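First the structure, in the form of structure tokens, and then the observations on it.
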Amino acid sequence: MAIRGLTWENDMTIDIALEAARWAPSVHNTQPWTFAVTGQEIAVRASTDRKLALEDPGGREMLISCGAAVFNLRTALHQAGREPIVRILPDPDRPSLLATVRVGEAVEPDEHTSMLAGQIEVRRTHRAGFTETPVPERLVAQWQREAANEGATFTPIGAPAAVRALAALTEAAQAVQSQDWPFTLEVMRWARPPDSTRGDGVPADAYPKRSGDTDPERPTGAYAEQPTGEFAQRDYAHERPWGTETDQRMSCATGVVALLTTREDTREAWLAAGQALQHVLLHASAHGVSAAFHTQALEEPHLRDFLRQRMCAGAYPQMLMRLGIAADESHGVRRPLTDMTDP
């Protein structure tokens with residue numbers, strides 16, 4: 001896309017940044033953002049028509065997703081040799097304007113930035129269990145530092161009893177949500193059918209086929225056995241024979257269970273959590289580590305408050321995830337950039 005009034009070099013830099021932003025992760029791959037370019041500044045706006053009205057009425061998950069897009073913009077500009085100048089929530093009278101990212105002075109990208117930038121279009125969300133290959137402790141320690149630099153706290157959960165508690169809360173929330181038909185319909189809206197040409201939603205081969213779909217002796221529905229490391233997964237297929245046929249018998253490990261928290265629970269904190277999350281995810285991807293998300297309990301106010309008080313020392317949980325080595329790869333889908341950019 002051509003931007004008037006810019007040199008060819010700056011025009012290409014903004015194009016590169018926008019292309020990177022569209023590959024940010026988002027809840028159910030809703031891609032709830034739009035971008036507008038004015039001169040050398042990119043505005044990031046919430047696309048509220050893509051917000052999950054039942055799952056995310058307050059827009060917390062939407063802003064976390066948009067925060068990840070802001071981090072991609074920052075990283076791509078830095079990698080292109082320009083300093084990203086970021087303003088978060090710059091105009092109180094325009095609540096959908098979440099951030100502006102301006103092209104700053106020339107800088108030399110460092111090795112860490114280059115590593116992260118190289119993973120922007122490679123990173124994928126995982127929706128199954130992991131292999132038994134352990135995640136090196138040095139990586140976990142690095143993720144803690146990276147999240148802290150973005151204003152969030154990455155806490156690995158090491159105690160087996162705590163992991164079991166988180167898995168049980170996730171299963172309880174999934175059980176309740178699966179019995180709520182309007183909630184289920186909202187999830188189904190973002191389930192991408194096989195061979196679909198849609199550029200958003202969760203692809204039908206991005207999660208394992210439920211065992212109940214292939215074995216008549218196994219249970220079907222939301223409680224069918226899943227190789228997800230004991231953590232309940234979303235039922236995107238909802239009794240339809242969707243999912244990958246990849247053998248998951250070697251992918252039953254839980255991986256590293258972690259909580260991402262912030263001290264506040266404001267819009268600024270949600271955007272910070274999104275940037276911290278993407279920083280961790282890109283670094284993990286560079287070392288062959290994938291992440292699976294389990295946010296069901298965080299979408300139930302009473303369960304989220306319980307987690308905050310009993311497991312997060314009063315901090316606000318923004319993301320529950322597992323990280324590990326995946327045996328298989330999934331493909332990603334995104335809308336074209338023209339669908340995400342305002343004139």
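The way I read the labels, and the way they are meant: chains A, B, ... in the order of the structure tokens, residue 1 as the first residue of every chain, and ligand 1 as the first ligand shown, with later ones counted on from there.
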
_Let's see if you can do this: from backbone DSSP, list all strand (DSSP E or B) residues in stretch 102-326 of chain A, as a count of residues only._
38

Students should find that atom CA of A:Ile85 and atom CA of A:Leu97 are spaced 15.7 Å

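Reported to one decimal place, the separation of atom CA of A:Ala272 from atom CA of A:Arg334 is 23.1 Å.
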
Near stretch 51-68 of chain A, 12 Å: stretch 114-152 of chain A residue rows, closest pairs, only C-alpha atoms, as a Markdown table:
```
| residue | atom | partner | partner_atom | distance |
| --- | --- | --- | --- | --- |
| A:Ile120 | CA | A:Ala68 | CA | 10.6 |
| A:Glu150 | CA | A:Gly67 | CA | 10.6 |
| A:Gly151 | CA | A:Gly67 | CA | 12.0 |
| A:Ala152 | CA | A:Ile64 | CA | 11.8 |
```

Write the residues of the preceding selection, restricted to all heavy atoms, as a PDB file, in the first residue's frame.
```
ATOM      1  N   ILE A 120       7.726 -13.797  13.647  1.00  0.00           N
ATOM      2  CA  ILE A 120       6.393 -13.185  13.598  1.00  0.00           C
ATOM      3  C   ILE A 120       5.433 -13.966  12.711  1.00  0.00           C
ATOM      4  O   ILE A 120       4.272 -14.193  13.083  1.00  0.00           O
ATOM      5  CB  ILE A 120       6.504 -11.713  13.154  1.00  0.00           C
ATOM      6  CG1 ILE A 120       7.068 -10.867  14.310  1.00  0.00           C
ATOM      7  CG2 ILE A 120       5.150 -11.173  12.706  1.00  0.00           C
ATOM      8  CD1 ILE A 120       7.329  -9.418  13.960  1.00  0.00           C
ATOM      9  N   GLU A 150       7.888  -5.663  29.861  1.00  0.00           N
ATOM     10  CA  GLU A 150       6.686  -5.136  29.221  1.00  0.00           C
ATOM     11  C   GLU A 150       5.614  -4.735  30.233  1.00  0.00           C
ATOM     12  O   GLU A 150       4.529  -4.307  29.848  1.00  0.00           O
ATOM     13  CB  GLU A 150       6.108  -6.179  28.251  1.00  0.00           C
ATOM     14  CG  GLU A 150       7.063  -6.649  27.175  1.00  0.00           C
ATOM     15  CD  GLU A 150       7.452  -5.553  26.200  1.00  0.00           C
ATOM     16  OE1 GLU A 150       6.731  -4.535  26.139  1.00  0.00           O
ATOM     17  OE2 GLU A 150       8.478  -5.706  25.509  1.00  0.00           O
ATOM     18  N   GLY A 151       5.897  -4.896  31.519  1.00  0.00           N
ATOM     19  CA  GLY A 151       4.946  -4.490  32.535  1.00  0.00           C
ATOM     20  C   GLY A 151       4.024  -5.588  33.019  1.00  0.00           C
ATOM     21  O   GLY A 151       2.950  -5.298  33.571  1.00  0.00           O
ATOM     22  N   ALA A 152       4.403  -6.838  32.840  1.00  0.00           N
ATOM     23  CA  ALA A 152       3.586  -7.969  33.291  1.00  0.00           C
ATOM     24  C   ALA A 152       4.484  -8.954  34.027  1.00  0.00           C
ATOM     25  O   ALA A 152       5.712  -8.817  34.053  1.00  0.00           O
ATOM     26  CB  ALA A 152       2.888  -8.643  32.112  1.00  0.00           C
TER      27      ALA A 152
END
```

* Which polymer residues have any atom within 9 Å of an atom of A:Ile325, counting only C-alpha atoms, with same-chain residues fewer than 3 positions away left out, as a PyMOL selection string? -> chain A and resi 129-135+251+255+288-291

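The smallest atom-to-atom distance between A:Gln296 and any of A:Arg322, A:Arg234, A:Arg87, A:His331, using only C-alpha atoms, is found for A:Arg234.
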
*asked:* Can you tell me which residues surround A:Arg308 at a distance of at most 10 Å, considering only C-alpha atoms, apart from same-chain residues fewer than 5 positions away, and format the answer as a PyMOL selection string?
replied: chain A and resi 261+298+302-303+313-318

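Residues in contact with A:Trp242 at up to 8 Å, not including ones fewer than 5 positions away on its chain and judged by only C-alpha atoms, are Pro193, Pro194, Ala204, Asp205, Lys209 and Ala237 of chain A.
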